[in-house]
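A.B. asks: If it helps, the file is called upload.cif and holds mmCIF, C-alpha atoms:
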data_input
loop_
_atom_site.group_PDB
_atom_site.id
_atom_site.type_symbol
_atom_site.label_atom_id
_atom_site.label_comp_id
_atom_site.auth_asym_id
_atom_site.auth_seq_id
_atom_site.Cartn_x
_atom_site.Cartn_y
_atom_site.Cartn_z
ATOM 1 C CA MET A 1222 -0.607 20.707 11.667
ATOM 2 C CA LYS A 1223 -4.181 19.582 11.072
ATOM 3 C CA ASN A 1224 -5.084 16.151 9.773
ATOM 4 C CA LYS A 1225 -5.036 17.093 6.116
ATOM 5 C CA VAL A 1226 -4.666 14.304 3.546
ATOM 6 C CA ILE A 1227 -3.683 14.996 -0.074
ATOM 7 C CA ILE A 1228 -4.379 12.545 -2.895
ATOM 8 C CA ILE A 1229 -2.221 13.002 -5.996
ATOM 9 C CA GLY A 1230 -3.650 11.015 -8.888
ATOM 10 C CA CYS A 1231 -7.412 10.562 -8.726
ATOM 11 C CA GLY A 1232 -8.097 7.650 -11.027
ATOM 12 C CA ASN A 1233 -9.642 4.375 -9.899
ATOM 13 C CA VAL A 1234 -7.220 3.813 -7.017
ATOM 14 C CA GLY A 1235 -7.188 7.392 -5.750
ATOM 15 C CA MET A 1236 -10.967 7.700 -5.808
ATOM 16 C CA SER A 1237 -11.577 4.262 -4.294
ATOM 17 C CA TYR A 1238 -9.341 5.365 -1.422
ATOM 18 C CA ALA A 1239 -11.200 8.677 -1.113
ATOM 19 C CA TYR A 1240 -14.598 6.972 -1.108
ATOM 20 C CA ALA A 1241 -13.479 4.366 1.446
ATOM 21 C CA LEU A 1242 -12.062 7.149 3.610
ATOM 22 C CA VAL A 1243 -15.271 9.184 3.802
ATOM 23 C CA ASN A 1244 -17.284 6.045 4.593
ATOM 24 C CA GLN A 1245 -15.218 5.090 7.633
ATOM 25 C CA THR A 1246 -14.758 6.785 10.979
ATOM 26 C CA THR A 1247 -11.527 8.712 10.596
ATOM 27 C CA TYR A 1248 -9.528 11.564 12.098
ATOM 28 C CA VAL A 1249 -9.104 13.206 8.684
ATOM 29 C CA ASP A 1250 -10.162 16.884 8.858
ATOM 30 C CA GLU A 1251 -9.479 17.851 5.258
ATOM 31 C CA LEU A 1252 -9.181 15.855 2.046
ATOM 32 C CA VAL A 1253 -7.618 17.532 -0.982
ATOM 33 C CA LEU A 1254 -7.678 16.028 -4.482
ATOM 34 C CA ILE A 1255 -4.966 16.849 -7.036
ATOM 35 C CA ASP A 1256 -5.009 15.561 -10.593
ATOM 36 C CA ILE A 1257 -3.967 16.693 -14.061
ATOM 37 C CA ASN A 1258 -7.644 16.602 -15.097
ATOM 38 C CA LYS A 1259 -8.890 19.545 -13.043
ATOM 39 C CA GLU A 1260 -12.437 19.553 -14.408
ATOM 40 C CA ARG A 1261 -12.927 15.924 -13.439
ATOM 41 C CA ILE A 1262 -11.651 16.639 -9.924
ATOM 42 C CA ILE A 1263 -14.250 19.361 -9.426
ATOM 43 C CA GLY A 1264 -16.892 16.767 -10.271
ATOM 44 C CA GLU A 1265 -15.338 14.154 -7.982
ATOM 45 C CA VAL A 1266 -15.253 16.627 -5.078
ATOM 46 C CA ALA A 1267 -18.936 17.481 -5.554
ATOM 47 C CA ASP A 1268 -19.857 13.793 -5.693
ATOM 48 C CA LEU A 1269 -17.905 12.995 -2.507
ATOM 49 C CA ASN A 1270 -19.364 15.979 -0.646
ATOM 50 C CA HIS A 1271 -22.846 14.723 -1.417
ATOM 51 C CA CYS A 1272 -21.986 11.537 0.514
ATOM 52 C CA LEU A 1273 -21.214 13.385 3.745
ATOM 53 C CA PRO A 1274 -24.754 13.598 5.198
ATOM 54 C CA TYR A 1275 -24.696 9.778 5.396
ATOM 55 C CA CYS A 1276 -21.056 9.349 6.442
ATOM 56 C CA PRO A 1277 -19.628 8.902 9.971
ATOM 57 C CA SER A 1278 -17.055 11.747 9.905
ATOM 58 C CA LYS A 1279 -17.170 15.422 8.931
ATOM 59 C CA ILE A 1280 -14.459 16.092 6.356
ATOM 60 C CA ASN A 1281 -13.731 19.227 4.345
ATOM 61 C CA ILE A 1282 -13.265 17.906 0.792
ATOM 62 C CA LYS A 1283 -11.904 20.145 -1.962
ATOM 63 C CA ALA A 1284 -9.957 20.302 -5.210
ATOM 64 C CA GLY A 1285 -6.483 21.673 -4.654
ATOM 65 C CA SER A 1286 -2.931 22.175 -5.861
ATOM 66 C CA TYR A 1287 0.567 21.359 -4.680
ATOM 67 C CA GLU A 1288 0.474 24.477 -2.488
ATOM 68 C CA ASP A 1289 -1.926 22.593 -0.216
ATOM 69 C CA CYS A 1290 0.879 20.185 0.713
ATOM 70 C CA ASN A 1291 2.653 22.652 2.979
ATOM 71 C CA ASN A 1292 0.691 21.693 6.111
ATOM 72 C CA ALA A 1293 -0.544 18.213 5.152
ATOM 73 C CA ARG A 1294 -0.076 15.215 7.448
ATOM 74 C CA ILE A 1295 -0.156 12.660 4.641
ATOM 75 C CA VAL A 1296 0.366 12.875 0.879
ATOM 76 C CA VAL A 1297 -0.891 9.795 -0.948
ATOM 77 C CA ILE A 1298 0.560 9.230 -4.428
ATOM 78 C CA ALA A 1299 -1.730 7.161 -6.630
ATOM 79 C CA ALA A 1300 -0.658 8.721 -9.935
ATOM 80 C CA GLY A 1301 0.690 6.683 -12.809
ATOM 81 C CA ALA A 1302 -0.186 4.125 -15.446
ATOM 82 C CA ASN A 1303 -2.431 1.218 -14.472
ATOM 83 C CA GLN A 1304 -1.438 -2.419 -14.924
ATOM 84 C CA ALA A 1305 -2.985 -3.649 -18.174
ATOM 85 C CA PRO A 1306 -4.033 -7.243 -18.906
ATOM 86 C CA GLY A 1307 -0.882 -9.302 -19.493
ATOM 87 C CA GLU A 1308 1.405 -6.748 -17.810
ATOM 88 C CA THR A 1309 3.323 -7.376 -14.606
ATOM 89 C CA ARG A 1310 3.699 -4.621 -12.035
ATOM 90 C CA MET A 1311 7.364 -4.345 -13.005
ATOM 91 C CA ASP A 1312 6.372 -3.611 -16.617
ATOM 92 C CA LEU A 1313 5.166 -0.209 -15.369
ATOM 93 C CA ILE A 1314 8.571 0.832 -14.047
ATOM 94 C CA HIS A 1315 9.666 3.158 -16.852
ATOM 95 C CA LYS A 1316 6.205 4.649 -17.359
ATOM 96 C CA ASN A 1317 5.786 5.565 -13.712
ATOM 97 C CA SER A 1318 9.326 6.362 -12.580
ATOM 98 C CA SER A 1319 9.493 9.177 -15.138
ATOM 99 C CA ILE A 1320 6.668 11.144 -13.492
ATOM 100 C CA PHE A 1321 7.559 10.549 -9.850
ATOM 101 C CA LYS A 1322 10.499 12.926 -9.675
ATOM 102 C CA GLU A 1323 8.317 15.852 -10.765
ATOM 103 C CA ILE A 1324 5.508 14.929 -8.368
ATOM 104 C CA VAL A 1325 7.759 14.539 -5.329
ATOM 105 C CA GLU A 1326 9.720 17.701 -6.089
ATOM 106 C CA ASN A 1327 6.479 19.689 -6.432
ATOM 107 C CA VAL A 1328 5.309 18.411 -3.048
ATOM 108 C CA MET A 1329 8.628 19.096 -1.298
ATOM 109 C CA SER A 1330 8.961 22.588 -2.799
ATOM 110 C CA ASN A 1331 5.908 23.514 -0.728
ATOM 111 C CA ASN A 1332 7.610 22.745 2.578
ATOM 112 C CA PHE A 1333 5.966 19.364 3.098
ATOM 113 C CA LYS A 1334 7.069 17.716 6.348
ATOM 114 C CA GLY A 1335 4.516 14.952 6.694
ATOM 115 C CA ILE A 1336 4.344 11.331 5.576
ATOM 116 C CA PHE A 1337 4.286 10.039 2.001
ATOM 117 C CA LEU A 1338 2.041 7.060 1.350
ATOM 118 C CA VAL A 1339 2.724 5.471 -2.045
ATOM 119 C CA ALA A 1340 0.241 3.317 -3.966
ATOM 120 C CA THR A 1341 1.719 3.337 -7.495
ATOM 121 C CA ASN A 1342 3.278 0.229 -9.051
ATOM 122 C CA PRO A 1343 5.880 -1.148 -9.135
ATOM 123 C CA LEU A 1344 5.224 -0.342 -5.505
ATOM 124 C CA ASP A 1345 8.547 -1.033 -3.813
ATOM 125 C CA VAL A 1346 10.510 0.798 -6.501
ATOM 126 C CA MET A 1347 8.186 3.820 -6.426
ATOM 127 C CA THR A 1348 8.433 3.925 -2.631
ATOM 128 C CA TYR A 1349 12.226 3.885 -2.887
ATOM 129 C CA LEU A 1350 12.203 6.695 -5.475
ATOM 130 C CA THR A 1351 9.894 8.781 -3.297
ATOM 131 C CA LEU A 1352 12.287 8.361 -0.388
ATOM 132 C CA LYS A 1353 15.309 9.356 -2.471
ATOM 133 C CA TYR A 1354 13.638 12.289 -4.252
ATOM 134 C CA SER A 1355 12.082 13.698 -1.070
ATOM 135 C CA GLY A 1356 15.071 13.483 1.256
ATOM 136 C CA LEU A 1357 12.680 12.793 4.136
ATOM 137 C CA PRO A 1358 13.658 10.488 7.013
ATOM 138 C CA ASN A 1359 13.144 6.788 6.264
ATOM 139 C CA ASN A 1360 10.187 6.459 8.629
ATOM 140 C CA GLN A 1361 8.185 9.129 6.759
ATOM 141 C CA VAL A 1362 7.937 7.286 3.424
ATOM 142 C CA ILE A 1363 5.627 4.285 3.339
ATOM 143 C CA GLY A 1364 4.413 2.126 0.482
ATOM 144 C CA SER A 1365 1.132 0.247 0.671
ATOM 145 C CA GLY A 1366 3.346 -2.801 0.169
ATOM 146 C CA THR A 1367 1.756 -6.187 0.644
ATOM 147 C CA THR A 1368 -1.098 -4.944 2.853
ATOM 148 C CA LEU A 1369 -3.555 -5.780 0.070
ATOM 149 C CA ASP A 1370 -1.906 -9.153 -0.599
ATOM 150 C CA THR A 1371 -2.099 -9.887 3.132
ATOM 151 C CA ALA A 1372 -5.795 -8.978 3.171
ATOM 152 C CA ARG A 1373 -6.352 -11.367 0.267
ATOM 153 C CA LEU A 1374 -4.421 -14.058 2.127
ATOM 154 C CA LYS A 1375 -6.436 -13.676 5.327
ATOM 155 C CA TYR A 1376 -9.698 -13.663 3.387
ATOM 156 C CA MET A 1377 -8.818 -16.863 1.528
ATOM 157 C CA ILE A 1378 -7.643 -18.650 4.680
ATOM 158 C CA SER A 1379 -10.820 -17.538 6.442
ATOM 159 C CA GLU A 1380 -12.957 -18.940 3.645
ATOM 160 C CA GLU A 1381 -11.105 -22.254 3.823
ATOM 161 C CA VAL A 1382 -11.225 -22.765 7.614
ATOM 162 C CA ASN A 1383 -14.438 -20.824 8.397
ATOM 163 C CA ILE A 1384 -12.786 -18.643 11.048
ATOM 164 C CA CYS A 1385 -12.937 -14.843 11.237
ATOM 165 C CA PRO A 1386 -9.964 -13.298 9.336
ATOM 166 C CA LYS A 1387 -9.249 -11.063 12.354
ATOM 167 C CA ASN A 1388 -8.155 -14.184 14.242
ATOM 168 C CA ILE A 1389 -5.673 -15.117 11.524
ATOM 169 C CA GLU A 1390 -2.059 -13.966 11.873
ATOM 170 C CA ALA A 1391 -0.393 -14.472 8.503
ATOM 171 C CA TYR A 1392 1.421 -12.123 6.134
ATOM 172 C CA VAL A 1393 2.577 -11.839 2.570
ATOM 173 C CA ILE A 1394 6.080 -10.335 2.521
ATOM 174 C CA GLY A 1395 8.795 -9.354 0.041
ATOM 175 C CA GLU A 1396 8.110 -7.568 -3.222
ATOM 176 C CA HIS A 1397 4.549 -6.449 -3.970
ATOM 177 C CA GLY A 1398 4.730 -8.504 -7.137
ATOM 178 C CA ASP A 1399 5.491 -11.895 -8.570
ATOM 179 C CA SER A 1400 8.268 -12.745 -6.087
ATOM 180 C CA GLU A 1401 6.130 -12.137 -2.988
ATOM 181 C CA PHE A 1402 5.592 -15.112 -0.679
ATOM 182 C CA VAL A 1403 3.937 -16.297 2.533
ATOM 183 C CA PRO A 1404 6.197 -17.297 5.443
ATOM 184 C CA TRP A 1405 3.895 -20.107 6.530
ATOM 185 C CA SER A 1406 6.237 -21.167 9.334
ATOM 186 C CA ASN A 1407 5.081 -18.062 11.259
ATOM 187 C CA ALA A 1408 1.363 -18.192 10.393
ATOM 188 C CA THR A 1409 -1.078 -18.881 13.217
ATOM 189 C CA ILE A 1410 -4.796 -19.025 13.925
ATOM 190 C CA GLY A 1411 -5.689 -18.298 17.540
ATOM 191 C CA LEU A 1412 -2.039 -18.860 18.597
ATOM 192 C CA THR A 1413 -2.059 -22.311 16.946
ATOM 193 C CA ASN A 1414 0.281 -22.981 14.025
ATOM 194 C CA ILE A 1415 -1.638 -22.874 10.779
ATOM 195 C CA LYS A 1416 -0.512 -26.388 9.840
ATOM 196 C CA SER A 1417 -3.107 -27.636 12.311
ATOM 197 C CA PHE A 1418 -5.765 -26.188 9.984
ATOM 198 C CA LEU A 1419 -4.342 -26.432 6.457
ATOM 199 C CA THR A 1420 -2.455 -29.082 4.512
ATOM 200 C CA GLU A 1421 0.692 -28.211 2.582
ATOM 201 C CA GLU A 1422 -1.294 -28.527 -0.653
ATOM 202 C CA LYS A 1423 -3.983 -26.109 0.517
ATOM 203 C CA MET A 1424 -1.366 -23.591 1.669
ATOM 204 C CA ALA A 1425 0.351 -23.764 -1.725
ATOM 205 C CA ASN A 1426 -2.968 -23.289 -3.545
ATOM 206 C CA ILE A 1427 -3.930 -20.292 -1.400
ATOM 207 C CA GLU A 1428 -0.525 -18.663 -1.894
ATOM 208 C CA LYS A 1429 -0.790 -19.143 -5.667
ATOM 209 C CA LYS A 1430 -4.278 -17.599 -5.706
ATOM 210 C CA VAL A 1431 -3.082 -14.618 -3.674
ATOM 211 C CA ARG A 1432 -0.170 -14.025 -6.036
ATOM 212 C CA GLU A 1433 -2.385 -14.267 -9.106
ATOM 213 C CA SER A 1434 -5.377 -12.332 -7.724
ATOM 214 C CA ALA A 1435 -4.526 -9.031 -9.408
ATOM 215 C CA TYR A 1436 -4.096 -10.710 -12.794
ATOM 216 C CA GLU A 1437 -7.448 -12.451 -12.464
ATOM 217 C CA ILE A 1438 -9.264 -9.263 -11.473
ATOM 218 C CA ILE A 1439 -7.589 -7.186 -14.199
ATOM 219 C CA LYS A 1440 -8.495 -9.810 -16.803
ATOM 220 C CA ARG A 1441 -12.153 -9.597 -15.804
ATOM 221 C CA LYS A 1442 -12.712 -5.904 -14.986
ATOM 222 C CA GLY A 1443 -9.616 -4.071 -16.200
ATOM 223 C CA ALA A 1444 -8.148 -2.901 -12.885
ATOM 224 C CA THR A 1445 -8.061 -3.496 -9.137
ATOM 225 C CA TYR A 1446 -8.945 -0.629 -6.806
ATOM 226 C CA TYR A 1447 -11.432 -1.396 -4.006
ATOM 227 C CA GLY A 1448 -8.995 -3.582 -2.066
ATOM 228 C CA ILE A 1449 -6.106 -1.133 -2.290
ATOM 229 C CA GLY A 1450 -8.459 1.723 -1.361
ATOM 230 C CA ALA A 1451 -9.381 -0.047 1.880
ATOM 231 C CA SER A 1452 -5.724 -0.913 2.538
ATOM 232 C CA LEU A 1453 -4.700 2.743 2.217
ATOM 233 C CA VAL A 1454 -7.424 3.777 4.671
ATOM 234 C CA ARG A 1455 -6.097 1.225 7.158
ATOM 235 C CA ILE A 1456 -2.608 2.746 6.913
ATOM 236 C CA THR A 1457 -3.960 6.316 7.060
ATOM 237 C CA ASN A 1458 -5.920 5.644 10.244
ATOM 238 C CA ALA A 1459 -2.923 3.896 11.813
ATOM 239 C CA ILE A 1460 -0.925 7.106 11.324
ATOM 240 C CA LEU A 1461 -3.557 9.673 12.310
ATOM 241 C CA GLU A 1462 -4.760 7.724 15.350
ATOM 242 C CA ASP A 1463 -1.235 6.673 16.407
ATOM 243 C CA LYS A 1464 -2.439 3.069 16.545
ATOM 244 C CA ASN A 1465 0.977 1.383 16.509
ATOM 245 C CA ILE A 1466 -0.511 -1.540 14.608
ATOM 246 C CA ILE A 1467 1.469 -4.100 12.619
ATOM 247 C CA LEU A 1468 1.009 -3.870 8.846
ATOM 248 C CA SER A 1469 2.964 -5.402 5.958
ATOM 249 C CA VAL A 1470 3.900 -2.067 4.398
ATOM 250 C CA SER A 1471 6.863 -1.305 2.166
ATOM 251 C CA SER A 1472 9.582 0.705 3.890
ATOM 252 C CA TYR A 1473 13.325 1.230 3.763
ATOM 253 C CA ASP A 1474 15.578 -1.698 4.600
ATOM 254 C CA SER A 1475 18.927 -0.168 5.547
ATOM 255 C CA GLU A 1476 20.791 -3.472 5.198
ATOM 256 C CA ASN A 1477 19.793 -4.040 1.576
ATOM 257 C CA LYS A 1478 19.261 -0.359 0.694
ATOM 258 C CA ILE A 1479 15.862 -0.906 -0.884
ATOM 259 C CA CYS A 1480 12.204 -0.605 0.122
ATOM 260 C CA ILE A 1481 10.495 -3.936 0.729
ATOM 261 C CA SER A 1482 7.469 -5.251 2.604
ATOM 262 C CA THR A 1483 7.882 -6.834 5.994
ATOM 263 C CA PRO A 1484 5.604 -6.434 9.006
ATOM 264 C CA ALA A 1485 6.162 -3.026 10.595
ATOM 265 C CA ILE A 1486 4.698 -1.045 13.469
ATOM 266 C CA VAL A 1487 2.857 1.960 12.006
ATOM 267 C CA GLY A 1488 1.936 4.980 14.128
ATOM 268 C CA SER A 1489 1.910 8.772 14.164
ATOM 269 C CA SER A 1490 5.511 9.146 12.982
ATOM 270 C CA GLY A 1491 5.078 6.603 10.198
ATOM 271 C CA ILE A 1492 7.256 3.512 10.499
ATOM 272 C CA GLN A 1493 7.940 3.074 14.207
ATOM 273 C CA LYS A 1494 9.860 -0.172 13.725
ATOM 274 C CA LYS A 1495 10.365 -2.851 11.073
ATOM 275 C CA ILE A 1496 9.813 -6.403 12.292
ATOM 276 C CA PHE A 1497 12.071 -9.051 10.782
ATOM 277 C CA ILE A 1498 10.347 -12.330 11.517
ATOM 278 C CA PRO A 1499 12.420 -15.541 11.731
ATOM 279 C CA LEU A 1500 12.366 -17.476 8.472
ATOM 280 C CA ASN A 1501 13.260 -21.050 7.656
ATOM 281 C CA GLU A 1502 15.821 -21.887 4.961
ATOM 282 C CA GLU A 1503 13.326 -22.008 2.085
ATOM 283 C CA GLU A 1504 11.669 -18.738 3.136
ATOM 284 C CA THR A 1505 15.062 -17.040 3.468
ATOM 285 C CA LYS A 1506 15.833 -17.978 -0.151
ATOM 286 C CA LYS A 1507 12.493 -16.531 -1.265
ATOM 287 C CA LEU A 1508 13.151 -13.261 0.569
ATOM 288 C CA THR A 1509 16.640 -13.047 -0.970
ATOM 289 C CA ASN A 1510 15.082 -13.532 -4.397
ATOM 290 C CA SER A 1511 12.560 -10.759 -3.727
ATOM 291 C CA ILE A 1512 15.331 -8.423 -2.592
ATOM 292 C CA ASN A 1513 17.300 -9.106 -5.774
ATOM 293 C CA VAL A 1514 14.230 -8.521 -7.985
ATOM 294 C CA ILE A 1515 13.718 -5.077 -6.421
ATOM 295 C CA LYS A 1516 17.427 -4.221 -6.604
ATOM 296 C CA ASP A 1517 17.568 -5.152 -10.298
ATOM 297 C CA ALA A 1518 14.501 -3.038 -10.993
ATOM 298 C CA ILE A 1519 15.976 0.001 -9.249
ATOM 299 C CA ASN A 1520 19.249 -0.449 -11.127
ATOM 300 C CA SER A 1521 17.361 -0.533 -14.441
ATOM 301 C CA ILE A 1522 16.200 3.073 -13.983
ATOM 302 C CA ASN A 1523 18.394 5.756 -15.475
#
Would you mind giving the structure from this file in structure tokens?
C.D. replies:
Amino acid sequence: MKNKVIIIGCGNVGMSYAYALVNQTTYVDELVLIDINKERIIGEVADLNHCLPYCPSKINIKAGSYEDCNNARIVVIAAGANQAPGETRMDLIHKNSSIFKEIVENVMSNNFKGIFLVATNPLDVMTYLTLKYSGLPNNQVIGSGTTLDTARLKYMISEEVNICPKNIEAYVIGEHGDSEFVPWSNATIGLTNIKSFLTEEKMANIEKKVRESAYEIIKRKGATYYGIGASLVRITNAILEDKNIILSVSSYDSENKICISTPAIVGSSGIQKKIFIPLNEEETKKLTNSINVIKDAINSIN
């Protein structure tokens, strides 16, 4: 199986991911774009191919169909309605759940045995549906989860304390949505608890800004896509390079029978292991709330 990546749904998110992918060093050999608007995809492929002389990796980029999924390593689903101003991610549930069954069945009917990477909102619900519709092992279905929220968190902490975000160990966990939260009791900078750098008030303000970031961006420019594009590349490279890095992706929680974001080790087989970090009493209540939000959303789908 060569390192072929399929993108299904080539709107702002899908194409931001594609553009970020070709501009980074990657093990991707072939990139295939699938979208209902076939004429637009031909144009997108031409535009991306014209980037390659200035890009670090040689990638075969083409327009394709579901038949291309049969020997793909990763299928990325970015299809679905975008979050409009004033909408929550959960408001998209009925719009997007209705198209996922057809997409996943079309992929699986072509003998797909790779890893699904889901980017469509409501993220945790769509990841769960992909798992159920595909019948693949739990480790082979991954949602982008709170990787973007975690990137926002690290960026904002970095700006506040003037320390490189790569030296900050902090995560957003739970639902990729309004019930997400930061388990500050586990956050560190250079092995030192983050409370040595930030006051309780500053932590609360940063967490609020992280949670509201998507709404602020959507209000100003209509959609968010660059951040999630970079997040998807990070997950893709973790899989193809067997990096075994820890990312806050959405994956199946067998105890609660949902998909939810917690730190997980991501490598060549997908989810190598979920990491359940110790939480204090308040954080445990927040995680329980997030679990219930996702469960209620799943139960609302016919």
A.B. asks: Counting only C-alpha atoms, note down every residue that has an atom within 10 Å of the point (5.9, 8.3, -9.9) (file coordinates), as a ChimeraX atom specification.
C.D. replies: /A:1230,1298-1302,1314-1325,1339-1344,1346-1348,1350-1351
A.B. asks: With C-alpha atoms retained, write the just-selected residues as an mmCIF file, in the coordinates of the input.
C.D. replies:
data_model
loop_
_atom_site.group_PDB
_atom_site.id
_atom_site.type_symbol
_atom_site.label_atom_id
_atom_site.label_comp_id
_atom_site.auth_asym_id
_atom_site.auth_seq_id
_atom_site.Cartn_x
_atom_site.Cartn_y
_atom_site.Cartn_z
ATOM 1 C CA GLY A 1230 -3.650 11.015 -8.888
ATOM 2 C CA ILE A 1298 0.560 9.230 -4.428
ATOM 3 C CA ALA A 1299 -1.730 7.161 -6.630
ATOM 4 C CA ALA A 1300 -0.658 8.721 -9.935
ATOM 5 C CA GLY A 1301 0.690 6.683 -12.809
ATOM 6 C CA ALA A 1302 -0.186 4.125 -15.446
ATOM 7 C CA ILE A 1314 8.571 0.832 -14.047
ATOM 8 C CA HIS A 1315 9.666 3.158 -16.852
ATOM 9 C CA LYS A 1316 6.205 4.649 -17.359
ATOM 10 C CA ASN A 1317 5.786 5.565 -13.712
ATOM 11 C CA SER A 1318 9.326 6.362 -12.580
ATOM 12 C CA SER A 1319 9.493 9.177 -15.138
ATOM 13 C CA ILE A 1320 6.668 11.144 -13.492
ATOM 14 C CA PHE A 1321 7.559 10.549 -9.850
ATOM 15 C CA LYS A 1322 10.499 12.926 -9.675
ATOM 16 C CA GLU A 1323 8.317 15.852 -10.765
ATOM 17 C CA ILE A 1324 5.508 14.929 -8.368
ATOM 18 C CA VAL A 1325 7.759 14.539 -5.329
ATOM 19 C CA VAL A 1339 2.724 5.471 -2.045
ATOM 20 C CA ALA A 1340 0.241 3.317 -3.966
ATOM 21 C CA THR A 1341 1.719 3.337 -7.495
ATOM 22 C CA ASN A 1342 3.278 0.229 -9.051
ATOM 23 C CA PRO A 1343 5.880 -1.148 -9.135
ATOM 24 C CA LEU A 1344 5.224 -0.342 -5.505
ATOM 25 C CA VAL A 1346 10.510 0.798 -6.501
ATOM 26 C CA MET A 1347 8.186 3.820 -6.426
ATOM 27 C CA THR A 1348 8.433 3.925 -2.631
ATOM 28 C CA LEU A 1350 12.203 6.695 -5.475
ATOM 29 C CA THR A 1351 9.894 8.781 -3.297
#
A.B. asks: Could you produce a table of the residues of region 1403-1483 of chain A lying within 12 Å of region 1500-1505 of chain A, with the nearest pair of atoms per residue and their separation in Å rounded to one decimal, using only C-alpha atoms, ordered by chain and increasing residue number, as JSON lines?
C.D. replies:
{"residue": "A:Val1403", "atom": "CA", "partner": "A:Glu1504", "partner_atom": "CA", "distance": 8.1}
{"residue": "A:Pro1404", "atom": "CA", "partner": "A:Glu1504", "partner_atom": "CA", "distance": 6.1}
{"residue": "A:Trp1405", "atom": "CA", "partner": "A:Glu1504", "partner_atom": "CA", "distance": 8.6}
{"residue": "A:Ser1406", "atom": "CA", "partner": "A:Leu1500", "partner_atom": "CA", "distance": 7.2}
{"residue": "A:Asn1407", "atom": "CA", "partner": "A:Leu1500", "partner_atom": "CA", "distance": 7.8}
{"residue": "A:Ala1408", "atom": "CA", "partner": "A:Leu1500", "partner_atom": "CA", "distance": 11.2}
{"residue": "A:Thr1483", "atom": "CA", "partner": "A:Leu1500", "partner_atom": "CA", "distance": 11.8}
A.B. asks: Counting only C-alpha atoms, which of A:Asn1360, A:Ser1452, A:Ser1400, A:Leu1352 gets nearest to Ala1372 (chain A)?
C.D. replies: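 Closest candidate: A:Ser1452.
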A.B. asks: Running the PyMOL selection byres ((chain A and resi 1401) around 9) on this model by hand, what would come out? Give it as a list of chain:residue names.
C.D. replies: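 In the shown coordinates, the PyMOL selection byres ((chain A and resi 1401) around 9) covers A:Thr1367, A:Asp1370, A:Val1393, A:Ile1394, A:Gly1395, A:Glu1396, A:His1397, A:Gly1398, A:Asp1399, A:Ser1400, A:Phe1402, A:Val1403, A:Arg1432, A:Ser1482, A:Lys1507, A:Leu1508, A:Ser1511.
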A.B. asks: Around all the atoms of region 1478-1497 of chain A listed in the file, draw an axis-aligned box and extend it by 6 Å on each of the six sides; I want its centre and edge lengths in Å to one decimal, as JSON.
C.D. replies:
{"center_x": 10.6, "center_y": 0.0, "center_z": 6.7, "size_x": 29.4, "size_y": 30.2, "size_z": 27.1}
A.B. asks: I'd like the contact shell of region 1466-1477 of chain A - 6 Å cut-off, all atoms listed in the file, skipping same-chain residues fewer than 2 positions apart - returned as a count of residues only.
C.D. replies: 16
A.B. asks: One decimal, in Å: what's the spacing between CA of Cys1385 (chain A) and CA of Lys1442 (chain A)?
C.D. replies: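 These two atoms are separated by 27.7 Å.
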A.B. asks: Pick from A:Tyr1248, A:Phe1337, A:Tyr1446, A:Phe1418: nearest to Ile1228 (chain A), with only C-alpha atoms counted?
C.D. replies: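 Among the listed residues, the smallest separation from Ile1228 (chain A) belongs to A:Phe1337.
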A.B. asks: What is the distance between CA of Tyr1238 (chain A) and CA of Asn1331 (chain A), in Å to one decimal?
C.D. replies: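 Separating CA of Tyr1238 (chain A) from CA of Asn1331 (chain A) is a distance of 23.7 Å.
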A.B. asks: Looking at A:Cys1290, A:Ile1438, A:Leu1412, A:Met1236, which one is nearest to Ser1330 (chain A), with distances taken over all atoms listed in the file?
C.D. replies: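 Closest to Ser1330 (chain A), using all atoms listed in the file: A:Cys1290.
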A.B. asks: Can you pull out the residues contacting Ser1237 (chain A)? Cut-off 10 Å, using all atoms listed in the file, and skip same-chain residues under 5 positions away; I want them as a list in words.
C.D. replies: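 Final neighbour list, sorted by chain and number: Cys1231, Gly1232, Leu1242, Thr1445, Tyr1446, Tyr1447, Gly1448, Ile1449, Gly1450, Ala1451, Leu1453 and Val1454 of chain A.
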A.B. asks: Which residues would end up in the selection if the PyMOL selection byres ((chain A and resi 1257) around 10) were applied here, given that I need the answer as a count of residues only?
C.D. replies: 12
A.B. asks: Rounded to one decimal, what separation in Å do you get between CA of Tyr1287 (chain A) and CA of Ala1239 (chain A)?
C.D. replies: 17.7 Å
A.B. asks: To test your reading of the syntax: which residues would the PyMOL selection byres ((chain A and resi 1375) around 10) return for the file shown? Reply as an mmCIF file with C-alpha atoms, in the coordinates of the input.
C.D. replies:
data_model
loop_
_atom_site.group_PDB
_atom_site.id
_atom_site.type_symbol
_atom_site.label_atom_id
_atom_site.label_comp_id
_atom_site.auth_asym_id
_atom_site.auth_seq_id
_atom_site.Cartn_x
_atom_site.Cartn_y
_atom_site.Cartn_z
ATOM 1 C CA LEU A 1369 -3.555 -5.780 0.070
ATOM 2 C CA ASP A 1370 -1.906 -9.153 -0.599
ATOM 3 C CA THR A 1371 -2.099 -9.887 3.132
ATOM 4 C CA ALA A 1372 -5.795 -8.978 3.171
ATOM 5 C CA ARG A 1373 -6.352 -11.367 0.267
ATOM 6 C CA LEU A 1374 -4.421 -14.058 2.127
ATOM 7 C CA TYR A 1376 -9.698 -13.663 3.387
ATOM 8 C CA MET A 1377 -8.818 -16.863 1.528
ATOM 9 C CA ILE A 1378 -7.643 -18.650 4.680
ATOM 10 C CA SER A 1379 -10.820 -17.538 6.442
ATOM 11 C CA GLU A 1380 -12.957 -18.940 3.645
ATOM 12 C CA GLU A 1381 -11.105 -22.254 3.823
ATOM 13 C CA ILE A 1384 -12.786 -18.643 11.048
ATOM 14 C CA CYS A 1385 -12.937 -14.843 11.237
ATOM 15 C CA PRO A 1386 -9.964 -13.298 9.336
ATOM 16 C CA LYS A 1387 -9.249 -11.063 12.354
ATOM 17 C CA ASN A 1388 -8.155 -14.184 14.242
ATOM 18 C CA ILE A 1389 -5.673 -15.117 11.524
ATOM 19 C CA GLU A 1390 -2.059 -13.966 11.873
ATOM 20 C CA ALA A 1391 -0.393 -14.472 8.503
ATOM 21 C CA TYR A 1392 1.421 -12.123 6.134
ATOM 22 C CA VAL A 1393 2.577 -11.839 2.570
ATOM 23 C CA ILE A 1427 -3.930 -20.292 -1.400
ATOM 24 C CA VAL A 1431 -3.082 -14.618 -3.674
#
